[in-house]
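Below is the file entry05.csv, which contains CSV, C-alpha atoms.
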chain,number,residue,atom,x,y,z
A,1,MET,CA,-37.4,-60.0,63.6
A,2,PRO,CA,-39.5,-60.5,60.4
A,3,THR,CA,-37.8,-59.7,57.1
A,4,ARG,CA,-38.6,-56.2,55.9
A,5,GLY,CA,-41.7,-56.3,53.7
A,6,ARG,CA,-42.6,-59.8,54.9
A,7,PRO,CA,-45.6,-60.2,57.2
A,8,SER,CA,-44.8,-61.2,60.8
A,9,ARG,CA,-45.8,-64.6,62.0
A,10,GLU,CA,-48.6,-63.1,64.1
A,11,THR,CA,-49.9,-61.4,60.9
A,12,VAL,CA,-49.8,-64.8,59.1
A,13,TYR,CA,-51.8,-66.4,61.9
A,14,GLN,CA,-54.4,-63.7,61.7
A,15,ARG,CA,-54.6,-64.1,58.0
A,16,PHE,CA,-55.0,-67.9,58.5
A,17,ALA,CA,-58.0,-67.2,60.8
A,18,ALA,CA,-59.5,-64.7,58.4
A,19,ALA,CA,-59.0,-67.2,55.5
A,20,SER,CA,-61.0,-69.8,57.5
A,21,ASP,CA,-63.8,-67.2,57.9
A,22,GLU,CA,-63.6,-66.3,54.2
A,23,LEU,CA,-64.1,-69.9,53.1
A,24,SER,CA,-67.0,-70.4,55.6
A,25,ARG,CA,-68.8,-67.5,53.9
A,26,PHE,CA,-68.6,-69.4,50.6
A,27,GLY,CA,-70.0,-72.5,52.1
A,28,GLY,CA,-66.8,-74.4,52.8
A,29,LEU,CA,-64.6,-76.5,50.6
A,30,PRO,CA,-66.3,-77.9,47.5
A,31,THR,CA,-66.2,-81.7,47.1
A,32,PRO,CA,-64.0,-83.2,44.4
A,33,SER,CA,-67.1,-84.1,42.3
A,34,GLU,CA,-68.3,-80.5,42.5
A,35,ALA,CA,-65.1,-78.8,41.6
A,36,ARG,CA,-62.8,-81.3,39.9
A,37,GLN,CA,-60.5,-78.6,38.4
A,38,ILE,CA,-59.7,-77.1,41.8
A,39,TRP,CA,-58.8,-80.4,43.2
A,40,ASP,CA,-56.9,-81.5,40.1
A,41,ASP,CA,-54.7,-78.4,40.2
A,42,ILE,CA,-53.9,-79.0,43.9
A,43,TRP,CA,-53.4,-82.7,43.1
A,44,HIS,CA,-50.8,-82.1,40.4
A,45,LEU,CA,-49.0,-79.5,42.5
A,46,GLU,CA,-48.9,-81.6,45.7
A,47,ALA,CA,-47.8,-84.8,43.9
A,48,HIS,CA,-45.0,-83.0,42.3
A,49,SER,CA,-43.9,-80.9,45.3
A,50,SER,CA,-44.1,-83.6,48.0
A,51,THR,CA,-42.1,-86.2,46.0
A,52,ALA,CA,-39.6,-83.5,44.9
A,53,LEU,CA,-38.9,-82.8,48.5
A,54,GLU,CA,-37.6,-86.4,48.8
A,55,GLY,CA,-35.5,-86.2,45.6
A,56,ASN,CA,-37.9,-87.1,42.8
A,57,THR,CA,-36.7,-85.6,39.5
A,58,LEU,CA,-40.0,-85.2,37.6
A,59,ALA,CA,-40.8,-81.6,36.6
A,60,LEU,CA,-44.3,-80.2,37.2
A,61,ARG,CA,-45.2,-80.5,33.5
A,62,GLU,CA,-44.1,-84.1,33.5
A,63,VAL,CA,-46.3,-84.8,36.5
A,64,GLN,CA,-49.2,-83.1,34.9
A,65,VAL,CA,-48.9,-85.2,31.7
A,66,LEU,CA,-48.4,-88.4,33.7
A,67,LEU,CA,-51.5,-87.8,35.9
A,68,GLY,CA,-53.7,-86.1,33.3
A,69,GLN,CA,-52.9,-88.2,30.2
A,70,GLY,CA,-51.4,-91.3,31.7
A,71,ARG,CA,-48.2,-90.8,29.6
A,72,ALA,CA,-44.6,-90.9,30.9
A,73,VAL,CA,-42.7,-88.1,29.3
A,74,GLY,CA,-39.0,-87.5,29.8
A,75,ALA,CA,-36.3,-90.1,30.4
A,76,LYS,CA,-36.5,-90.5,34.2
A,77,ALA,CA,-36.0,-93.6,36.3
A,78,LEU,CA,-39.0,-95.8,36.5
A,79,LYS,CA,-38.9,-95.4,40.3
A,80,ASP,CA,-39.6,-91.7,39.9
A,81,TYR,CA,-42.7,-92.3,37.9
A,82,MET,CA,-43.9,-94.9,40.3
A,83,GLU,CA,-43.3,-92.5,43.3
A,84,VAL,CA,-45.5,-89.9,41.7
A,85,LEU,CA,-48.2,-92.3,40.6
A,86,GLY,CA,-48.3,-93.8,44.1
A,87,TYR,CA,-48.4,-90.4,45.8
A,88,ALA,CA,-51.1,-89.1,43.4
A,89,GLU,CA,-53.3,-92.1,44.1
A,90,ALA,CA,-52.9,-91.7,47.8
A,91,ALA,CA,-53.6,-87.9,47.6
A,92,ARG,CA,-56.7,-88.5,45.5
A,93,TRP,CA,-57.9,-91.0,48.2
A,94,VAL,CA,-57.2,-88.5,50.9
A,95,TYR,CA,-59.2,-85.7,49.2
A,96,GLY,CA,-62.2,-87.9,48.6
A,97,GLN,CA,-61.9,-89.6,52.0
A,98,ALA,CA,-61.7,-86.4,53.9
A,99,ILE,CA,-64.9,-84.9,52.5
A,100,ASP,CA,-66.9,-88.0,51.6
A,101,PRO,CA,-65.5,-90.9,53.7
A,102,GLY,CA,-68.2,-93.4,53.0
A,103,GLY,CA,-67.7,-96.6,55.1
A,104,TRP,CA,-64.1,-95.8,56.0
A,105,THR,CA,-64.5,-93.5,58.9
A,106,THR,CA,-65.4,-94.2,62.5
A,107,GLY,CA,-66.7,-90.7,62.9
A,108,GLU,CA,-63.4,-89.5,64.4
A,109,LEU,CA,-61.0,-87.1,62.8
A,110,LEU,CA,-58.4,-89.8,62.1
A,111,SER,CA,-58.0,-93.5,62.5
A,112,LEU,CA,-55.1,-96.0,62.6
A,113,THR,CA,-56.6,-97.8,59.7
A,114,GLU,CA,-56.6,-94.7,57.6
A,115,ILE,CA,-52.9,-94.0,58.4
A,116,ARG,CA,-51.9,-97.5,57.3
A,117,ASN,CA,-53.9,-97.2,54.2
A,118,VAL,CA,-52.4,-93.9,53.2
A,119,HIS,CA,-48.9,-95.4,53.5
A,120,ARG,CA,-50.0,-98.6,51.6
A,121,VAL,CA,-51.4,-96.7,48.7
A,122,LEU,CA,-48.5,-94.3,48.7
A,123,MET,CA,-45.8,-96.9,48.6
A,124,VAL,CA,-47.1,-100.0,46.9
A,125,LYS,CA,-46.3,-98.9,43.3
A,126,VAL,CA,-42.7,-97.8,44.0
A,127,TRP,CA,-42.2,-100.9,46.2
A,128,GLU,CA,-42.8,-103.1,43.2
A,129,VAL,CA,-39.8,-101.7,41.4
A,130,ALA,CA,-37.6,-100.4,44.2
A,131,PRO,CA,-38.4,-102.0,47.6
A,132,HIS,CA,-36.5,-100.9,50.7
A,133,PRO,CA,-33.3,-103.1,50.7
A,134,ASN,CA,-33.6,-103.9,54.4
A,135,ALA,CA,-37.4,-104.6,54.5
A,136,THR,CA,-38.7,-107.9,55.7
A,137,GLU,CA,-42.1,-109.3,54.6
A,138,ARG,CA,-43.6,-107.8,57.7
A,139,GLU,CA,-42.5,-104.3,56.7
A,140,ARG,CA,-44.3,-104.0,53.4
A,141,PRO,CA,-46.3,-100.8,52.6
A,142,GLY,CA,-48.9,-100.1,55.3
A,143,SER,CA,-47.0,-102.1,58.0
A,144,PHE,CA,-45.0,-100.5,60.8
A,145,ARG,CA,-41.2,-100.8,60.8
A,146,GLU,CA,-39.4,-103.5,62.6
A,147,HIS,CA,-36.0,-101.8,62.4
A,148,ASP,CA,-34.6,-99.0,64.5
A,149,ILE,CA,-33.7,-95.8,62.6
A,150,HIS,CA,-30.5,-93.8,63.0
A,151,PRO,CA,-30.7,-90.3,64.6
A,152,PHE,CA,-31.7,-87.5,62.2
A,153,GLY,CA,-29.3,-84.7,61.3
A,154,GLY,CA,-30.5,-82.4,64.1
A,155,GLY,CA,-29.9,-85.1,66.7
A,156,MET,CA,-33.4,-86.4,67.2
A,157,LYS,CA,-33.6,-90.2,67.4
A,158,PRO,CA,-36.8,-92.0,66.4
A,159,PRO,CA,-38.1,-94.4,69.1
A,160,PRO,CA,-37.3,-98.1,69.1
A,161,TRP,CA,-39.4,-100.0,66.6
A,162,SER,CA,-41.1,-102.0,69.4
A,163,GLU,CA,-42.6,-98.8,70.8
A,164,VAL,CA,-44.1,-97.7,67.5
A,165,PRO,CA,-47.6,-99.3,67.6
A,166,GLY,CA,-48.3,-97.8,71.1
A,167,LEU,CA,-46.9,-94.4,70.2
A,168,VAL,CA,-48.9,-94.2,67.0
A,169,ALA,CA,-52.1,-95.2,68.9
A,170,ASP,CA,-51.4,-92.5,71.5
A,171,TRP,CA,-50.7,-89.9,68.7
A,172,VAL,CA,-54.0,-90.7,67.0
A,173,LYS,CA,-55.8,-90.1,70.3
A,174,ASP,CA,-54.1,-86.7,70.6
A,175,VAL,CA,-55.0,-85.8,67.0
A,176,VAL,CA,-58.6,-86.6,67.6
A,177,SER,CA,-58.6,-84.6,70.9
A,178,ILE,CA,-57.0,-81.6,69.2
A,179,GLY,CA,-59.4,-81.8,66.3
A,180,ALA,CA,-62.4,-81.8,68.6
A,181,ALA,CA,-61.0,-78.8,70.4
A,182,ILE,CA,-60.5,-76.9,67.1
A,183,THR,CA,-64.0,-77.8,65.9
A,184,ASN,CA,-65.7,-76.8,69.2
A,185,GLY,CA,-63.9,-73.5,69.4
A,186,GLY,CA,-61.6,-74.6,72.2
A,187,VAL,CA,-58.6,-73.5,70.1
A,188,GLU,CA,-58.5,-69.9,68.8
A,189,ALA,CA,-58.4,-69.9,65.0
A,190,ARG,CA,-55.0,-68.0,65.0
A,191,ALA,CA,-53.6,-70.8,67.3
A,192,VAL,CA,-54.6,-73.6,64.9
A,193,PRO,CA,-51.3,-73.5,62.8
A,194,ALA,CA,-49.3,-74.3,66.0
A,195,GLU,CA,-51.5,-77.3,66.7
A,196,LEU,CA,-51.1,-78.5,63.2
A,197,ALA,CA,-47.3,-78.2,63.4
A,198,GLY,CA,-47.4,-80.2,66.6
A,199,ILE,CA,-49.5,-82.9,64.9
A,200,HIS,CA,-47.1,-83.1,61.9
A,201,SER,CA,-43.9,-83.0,63.8
A,202,GLY,CA,-45.2,-85.6,66.3
A,203,PHE,CA,-45.8,-88.1,63.5
A,204,GLU,CA,-42.4,-87.5,62.0
A,205,ARG,CA,-40.7,-88.0,65.3
A,206,ILE,CA,-42.3,-91.5,65.6
A,207,HIS,CA,-41.3,-92.3,62.0
A,208,PRO,CA,-43.6,-95.4,62.1
A,209,PHE,CA,-42.7,-96.8,58.7
A,210,LEU,CA,-39.4,-98.0,57.2
A,211,ASP,CA,-39.7,-95.7,54.3
A,212,GLY,CA,-42.0,-92.9,53.0
A,213,ASN,CA,-42.6,-91.2,56.4
A,214,GLY,CA,-42.2,-87.7,55.1
A,215,ARG,CA,-44.7,-88.2,52.2
A,216,ALA,CA,-47.1,-90.2,54.4
A,217,GLY,CA,-46.9,-87.5,57.1
A,218,ARG,CA,-47.7,-84.7,54.7
A,219,LEU,CA,-50.6,-86.6,53.3
A,220,ILE,CA,-52.0,-87.4,56.8
A,221,LEU,CA,-51.6,-83.7,57.7
A,222,ASN,CA,-53.7,-82.8,54.6
A,223,LEU,CA,-56.3,-85.4,55.5
A,224,VAL,CA,-56.6,-83.7,58.9
A,225,LEU,CA,-56.6,-80.2,57.3
A,226,VAL,CA,-59.4,-81.0,54.8
A,227,ARG,CA,-61.5,-82.7,57.5
A,228,LEU,CA,-61.2,-79.5,59.5
A,229,GLY,CA,-62.4,-77.5,56.5
A,230,TYR,CA,-59.1,-76.1,55.2
A,231,PRO,CA,-57.4,-76.6,51.9
A,232,PRO,CA,-54.4,-79.0,51.8
A,233,ALA,CA,-50.9,-77.6,52.5
A,234,VAL,CA,-48.3,-78.0,49.8
A,235,ILE,CA,-44.6,-77.6,50.8
A,236,PHE,CA,-42.4,-76.7,47.7
A,237,LYS,CA,-39.0,-78.1,47.0
A,238,ARG,CA,-37.5,-74.6,47.4
A,239,GLN,CA,-38.8,-74.6,50.9
A,240,ARG,CA,-37.1,-77.9,51.8
A,241,ASP,CA,-34.4,-76.3,54.1
A,242,ALA,CA,-37.0,-74.2,55.9
A,243,TYR,CA,-39.3,-77.2,56.2
A,244,LEU,CA,-36.6,-79.4,57.7
A,245,ASP,CA,-35.4,-76.7,60.0
A,246,GLY,CA,-39.1,-76.2,61.1
A,247,LEU,CA,-39.3,-79.9,61.9
A,248,ASP,CA,-36.1,-79.7,63.9
A,249,ARG,CA,-37.2,-76.6,65.8
A,250,ALA,CA,-40.5,-78.3,66.6
A,251,ASP,CA,-38.7,-81.4,67.9
A,252,LYS,CA,-36.9,-79.0,70.3
A,253,GLY,CA,-40.1,-77.3,71.5
A,254,ASP,CA,-40.6,-74.4,69.1
A,255,PRO,CA,-43.4,-75.2,66.6
A,256,GLY,CA,-43.5,-71.6,65.3
A,257,PRO,CA,-41.4,-71.8,62.1
A,258,LEU,CA,-43.2,-75.0,61.0
A,259,ALA,CA,-46.6,-73.6,62.0
A,260,GLU,CA,-46.0,-70.4,59.9
A,261,LEU,CA,-44.9,-72.5,56.9
A,262,ILE,CA,-48.1,-74.6,57.1
A,263,ALA,CA,-50.3,-71.5,57.6
A,264,ARG,CA,-48.8,-69.7,54.6
A,265,SER,CA,-49.3,-72.8,52.4
A,266,VAL,CA,-53.0,-73.1,53.4
A,267,ILE,CA,-53.6,-69.4,52.7
A,268,ASP,CA,-51.8,-69.6,49.4
A,269,ASN,CA,-53.8,-72.6,48.2
A,270,LEU,CA,-57.1,-71.0,49.3
A,271,HIS,CA,-56.3,-67.9,47.4
A,272,ARG,CA,-54.7,-69.6,44.4
A,273,PHE,CA,-57.1,-72.4,43.7
A,274,VAL,CA,-60.3,-72.4,45.8
A,275,VAL,CA,-61.7,-68.9,46.2
A,276,PRO,CA,-61.4,-67.7,42.6
A,277,ASN,CA,-63.3,-70.8,41.5
A,278,ILE,CA,-66.1,-70.8,44.0
A,279,ALA,CA,-66.8,-67.0,44.2
A,280,GLY,CA,-69.1,-65.5,41.6
A,281,PRO,CA,-67.8,-62.8,39.3
A,282,ALA,CA,-69.2,-59.9,41.4
A,283,ARG,CA,-68.3,-61.4,44.8
A,284,LEU,CA,-65.7,-59.6,46.8
A,285,VAL,CA,-62.7,-61.9,47.5
A,286,PRO,CA,-59.1,-61.3,48.8
A,287,LEU,CA,-57.1,-59.4,46.2
A,288,ALA,CA,-54.4,-62.0,46.3
A,289,SER,CA,-56.8,-64.6,44.9
A,290,LEU,CA,-57.4,-62.5,41.8
A,291,ALA,CA,-53.8,-62.2,40.7
A,292,THR,CA,-52.9,-63.9,37.4
A,293,GLU,CA,-49.7,-64.4,35.3
A,294,THR,CA,-50.3,-61.1,33.6
A,295,MET,CA,-51.6,-59.2,36.5
A,296,SER,CA,-49.6,-59.6,39.8
A,297,TYR,CA,-51.0,-59.1,43.2
A,298,GLU,CA,-48.7,-56.0,43.7
A,299,ALA,CA,-50.0,-54.4,40.5
A,300,LEU,CA,-53.6,-55.0,41.6
A,301,ARG,CA,-52.8,-53.6,45.1
A,302,GLN,CA,-51.3,-50.4,43.6
A,303,ALA,CA,-54.3,-50.0,41.3
A,304,ALA,CA,-56.6,-50.4,44.3
A,305,ARG,CA,-54.7,-47.8,46.3
A,306,ARG,CA,-54.8,-45.3,43.4
A,307,GLY,CA,-58.5,-45.8,42.9
A,308,ARG,CA,-58.2,-47.3,39.5
A,309,LEU,CA,-59.5,-50.7,40.5
A,310,GLU,CA,-62.8,-51.0,42.3
A,311,ALA,CA,-61.8,-52.5,45.6
A,312,GLU,CA,-62.3,-52.2,49.4
A,313,GLN,CA,-59.8,-52.4,52.2
A,314,GLY,CA,-61.1,-54.2,55.2
A,315,SER,CA,-60.5,-53.2,58.8
A,316,ASP,CA,-58.3,-56.3,59.0
A,317,GLY,CA,-55.9,-54.8,56.4
A,318,PRO,CA,-56.2,-56.9,53.2
A,319,TRP,CA,-57.8,-55.5,50.0
A,320,ARG,CA,-60.8,-57.2,48.4
A,321,SER,CA,-62.2,-56.9,44.9
A,322,SER,CA,-64.1,-58.9,42.4
A,323,ARG,CA,-63.2,-60.8,39.3
A,324,ARG,CA,-65.6,-58.5,37.4
A,325,ALA,CA,-63.8,-55.4,38.7
A,326,VAL,CA,-60.4,-56.8,37.7
A,327,ILE,CA,-61.7,-57.5,34.1
A,328,THR,CA,-63.0,-54.0,33.9
A,329,TYR,CA,-59.7,-52.6,35.1
A,330,GLU,CA,-57.7,-54.7,32.6
A,331,ARG,CA,-59.9,-53.5,29.7
A,332,SER,CA,-59.4,-49.9,30.8
A,333,ARG,CA,-55.7,-50.3,30.9
A,334,PHE,CA,-55.7,-51.8,27.4
A,335,SER,CA,-57.8,-48.8,26.2
A,336,ARG,CA,-55.4,-46.3,27.7
A,337,GLY,CA,-52.5,-48.2,26.1
A,338,ARG,CA,-54.2,-47.9,22.7
Written form, structure tokens:
Amino acid sequence: MPTRGRPSRETVYQRFAAASDELSRFGGLPTPSEARQIWDDIWHLEAHSSTALEGNTLALREVQVLLGQGRAVGAKALKDYMEVLGYAEAARWVYGQAIDPGGWTTGELLSLTEIRNVHRVLMVKVWEVAPHPNATERERPGSFREHDIHPFGGGMKPPPWSEVPGLVADWVKDVVSIGAAITNGGVEARAVPAELAGIHSGFERIHPFLDGNGRAGRLILNLVLVRLGYPPAVIFKRQRDAYLDGLDRADKGDPGPLAELIARSVIDNLHRFVVPNIAGPARLVPLASLATETMSYEALRQAARRGRLEAEQGSDGPWRSSRRAVITYERSRFSRGR
């Protein structure tokens, strides 16, 4: 049963499908060179959140200063700064590679070479100051593990290391096949989140590297997402328990919780970062994308319901308005207050 006031999973899937259509109407994702601020905002948030899931102690503001100004603020362990720098470099590569791959891609959705490069870029900086204590020279960043891994908390045991190369190769083929089905309309838009959950959980079950599998897996998921035309997904530290439970449930045959988490994240990033920056001031966009620190989504929704904010409610349920209408409404509120 969904929590009261919280949209059901089916509703989230429908909104995911609608979000895809919404982005298509705006011409799709802008490239990093076209909209640097959008990608920088996502970049900072992802570098902070994905490393924080694994125990990194840098706050978002410290990450923003580190990546934006190249300064290390705070008094954190060197390893924490190197983790963020490595993740940020890998994420930047993923964003650019996904939209403008240059000579890297074979034309497929994903390749084994790209997977290994994501891990190499992600881990090489932190490896210089804090390498895995059990690693051999053959298990450096970008190379598959040659150690077996103990079972996870939920009981799932990653496969023996000798099976990893073949399993990863098969997994890549599955990802390419799923991507082709999504692109060609063989998968309903509302069913895409479950496919993405299967892709992500499948990678984590293999656990191909000695260290950094969670971070690498989330980056590779985002490479797939952006190539399919969606914004990246960002899992927050506060969602850690739900995320790990989702992975565990997916391992046991129920991808639903993880799929919902991924879908919510994609929708949030679309509304928070992408749509407000690519829509013109008079263009109708989802009301959620127009919320600000001083004007919450709920306040805008109430204003729309009462007719104080120029807005339309679509047949699919969500309200839509424009940035220009919100500015007009805010000015009218200020005038009434005076």
Determine, for each residue of segment 88-153 of chain A having at least one atom at most 12 Å from an atom of segment 248-262 of chain A, the closest pair of atoms and their separation in Å to one decimal, counting only C-alpha atoms; order by chain and ascending number, as a tab-separated table.
residue	atom	partner	partner_atom	distance
A:Pro151	CA	A:Asp248	CA	11.9
A:Phe152	CA	A:Asp248	CA	9.1
A:Gly153	CA	A:Asp248	CA	8.8
Output of the above residues as an mmCIF file, in the frame of the given file, restricted to C-alpha atoms:
data_model
loop_
_atom_site.group_PDB
_atom_site.id
_atom_site.type_symbol
_atom_site.label_atom_id
_atom_site.label_comp_id
_atom_site.auth_asym_id
_atom_site.auth_seq_id
_atom_site.Cartn_x
_atom_site.Cartn_y
_atom_site.Cartn_z
ATOM 1 C CA PRO A 151 -30.700 -90.300 64.600
ATOM 2 C CA PHE A 152 -31.700 -87.500 62.200
ATOM 3 C CA GLY A 153 -29.300 -84.700 61.300
#
Residues near segment 267-277 of chain A, anyone? I mean within 6 Å using all atoms listed in the file, not counting same-chain ones fewer than 2 positions away, as number ranges by chain. A: 38, 264-265, 279, 289
Can you spit out the residues from that selection as an mmCIF file, keeping the file's coordinate frame, using C-alpha atoms?
data_model
loop_
_atom_site.group_PDB
_atom_site.id
_atom_site.type_symbol
_atom_site.label_atom_id
_atom_site.label_comp_id
_atom_site.auth_asym_id
_atom_site.auth_seq_id
_atom_site.Cartn_x
_atom_site.Cartn_y
_atom_site.Cartn_z
ATOM 1 C CA ILE A 38 -59.700 -77.100 41.800
ATOM 2 C CA ARG A 264 -48.800 -69.700 54.600
ATOM 3 C CA SER A 265 -49.300 -72.800 52.400
ATOM 4 C CA ALA A 279 -66.800 -67.000 44.200
ATOM 5 C CA SER A 289 -56.800 -64.600 44.900
#
What separates atom CA of Thr31 of chain A and atom CA of Ser49 of chain A is a distance of 22.4 Å
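Closest approach to Arg9 of chain A from the set A:Ala191, A:Leu23, A:Leu122, A:Leu284 is made by A:Ala191, with distances taken over all atoms listed in the file.
The coordinates place atom CA of Asp241 of chain A at 17.4 Å from atom CA of Arg205 of chain A.
Atom CA of Arg323 of chain A sits 27.1 Å away from atom CA of Tyr95 of chain A.
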Reconstruct segment 176-204 of chain A at the level of N, CA and C atoms, and format the result as a CSV table (one decimal), in the frame of the given file.
chain,number,residue,atom,x,y,z
A,176,VAL,N,-57.2,-86.7,67.5
A,176,VAL,CA,-58.6,-86.6,67.6
A,176,VAL,C,-59.0,-85.6,68.7
A,177,SER,N,-58.3,-85.6,69.8
A,177,SER,CA,-58.6,-84.6,70.9
A,177,SER,C,-58.4,-83.2,70.4
A,178,ILE,N,-57.3,-82.9,69.7
A,178,ILE,CA,-57.0,-81.6,69.2
A,178,ILE,C,-58.0,-81.2,68.2
A,179,GLY,N,-58.4,-82.1,67.3
A,179,GLY,CA,-59.4,-81.8,66.3
A,179,GLY,C,-60.7,-81.4,66.9
A,180,ALA,N,-61.1,-82.1,67.9
A,180,ALA,CA,-62.4,-81.8,68.6
A,180,ALA,C,-62.3,-80.4,69.2
A,181,ALA,N,-61.2,-80.1,69.8
A,181,ALA,CA,-61.0,-78.8,70.4
A,181,ALA,C,-61.1,-77.7,69.4
A,182,ILE,N,-60.5,-77.9,68.2
A,182,ILE,CA,-60.5,-76.9,67.1
A,182,ILE,C,-62.0,-76.7,66.6
A,183,THR,N,-62.6,-77.8,66.4
A,183,THR,CA,-64.0,-77.8,65.9
A,183,THR,C,-65.0,-77.1,66.9
A,184,ASN,N,-64.8,-77.4,68.2
A,184,ASN,CA,-65.7,-76.8,69.2
A,184,ASN,C,-65.3,-75.5,69.7
A,185,GLY,N,-64.3,-74.9,69.0
A,185,GLY,CA,-63.9,-73.5,69.4
A,185,GLY,C,-63.0,-73.4,70.7
A,186,GLY,N,-62.5,-74.6,71.1
A,186,GLY,CA,-61.6,-74.6,72.2
A,186,GLY,C,-60.2,-74.2,71.9
A,187,VAL,N,-59.9,-74.0,70.6
A,187,VAL,CA,-58.6,-73.5,70.1
A,187,VAL,C,-58.9,-72.3,69.3
A,188,GLU,N,-58.3,-71.1,69.6
A,188,GLU,CA,-58.5,-69.9,68.8
A,188,GLU,C,-58.0,-70.2,67.4
A,189,ALA,N,-58.7,-69.6,66.4
A,189,ALA,CA,-58.4,-69.9,65.0
A,189,ALA,C,-56.9,-69.5,64.7
A,190,ARG,N,-56.4,-68.4,65.3
A,190,ARG,CA,-55.0,-68.0,65.0
A,190,ARG,C,-54.0,-69.0,65.7
A,191,ALA,N,-54.5,-69.8,66.6
A,191,ALA,CA,-53.6,-70.8,67.3
A,191,ALA,C,-53.6,-72.2,66.6
A,192,VAL,N,-54.5,-72.3,65.6
A,192,VAL,CA,-54.6,-73.6,64.9
A,192,VAL,C,-53.3,-74.0,64.2
A,193,PRO,N,-52.6,-73.1,63.5
A,193,PRO,CA,-51.3,-73.5,62.8
A,193,PRO,C,-50.3,-74.2,63.8
A,194,ALA,N,-50.2,-73.7,65.0
A,194,ALA,CA,-49.3,-74.3,66.0
A,194,ALA,C,-49.7,-75.7,66.3
A,195,GLU,N,-51.0,-75.9,66.5
A,195,GLU,CA,-51.5,-77.3,66.7
A,195,GLU,C,-51.2,-78.2,65.6
A,196,LEU,N,-51.4,-77.7,64.3
A,196,LEU,CA,-51.1,-78.5,63.2
A,196,LEU,C,-49.6,-78.9,63.1
A,197,ALA,N,-48.8,-77.9,63.4
A,197,ALA,CA,-47.3,-78.2,63.4
A,197,ALA,C,-47.0,-79.3,64.4
A,198,GLY,N,-47.6,-79.2,65.6
A,198,GLY,CA,-47.4,-80.2,66.6
A,198,GLY,C,-47.9,-81.6,66.1
A,199,ILE,N,-49.0,-81.7,65.4
A,199,ILE,CA,-49.5,-82.9,64.9
A,199,ILE,C,-48.5,-83.5,63.9
A,200,HIS,N,-48.0,-82.7,63.0
A,200,HIS,CA,-47.1,-83.1,61.9
A,200,HIS,C,-45.8,-83.6,62.5
A,201,SER,N,-45.2,-82.7,63.3
A,201,SER,CA,-43.9,-83.0,63.8
A,201,SER,C,-43.9,-84.3,64.7
A,202,GLY,N,-45.1,-84.4,65.4
A,202,GLY,CA,-45.2,-85.6,66.3
A,202,GLY,C,-45.2,-86.9,65.5
A,203,PHE,N,-45.9,-86.9,64.3
A,203,PHE,CA,-45.8,-88.1,63.5
A,203,PHE,C,-44.4,-88.4,63.0
A,204,GLU,N,-43.7,-87.3,62.5
A,204,GLU,CA,-42.4,-87.5,62.0
A,204,GLU,C,-41.4,-87.9,63.0
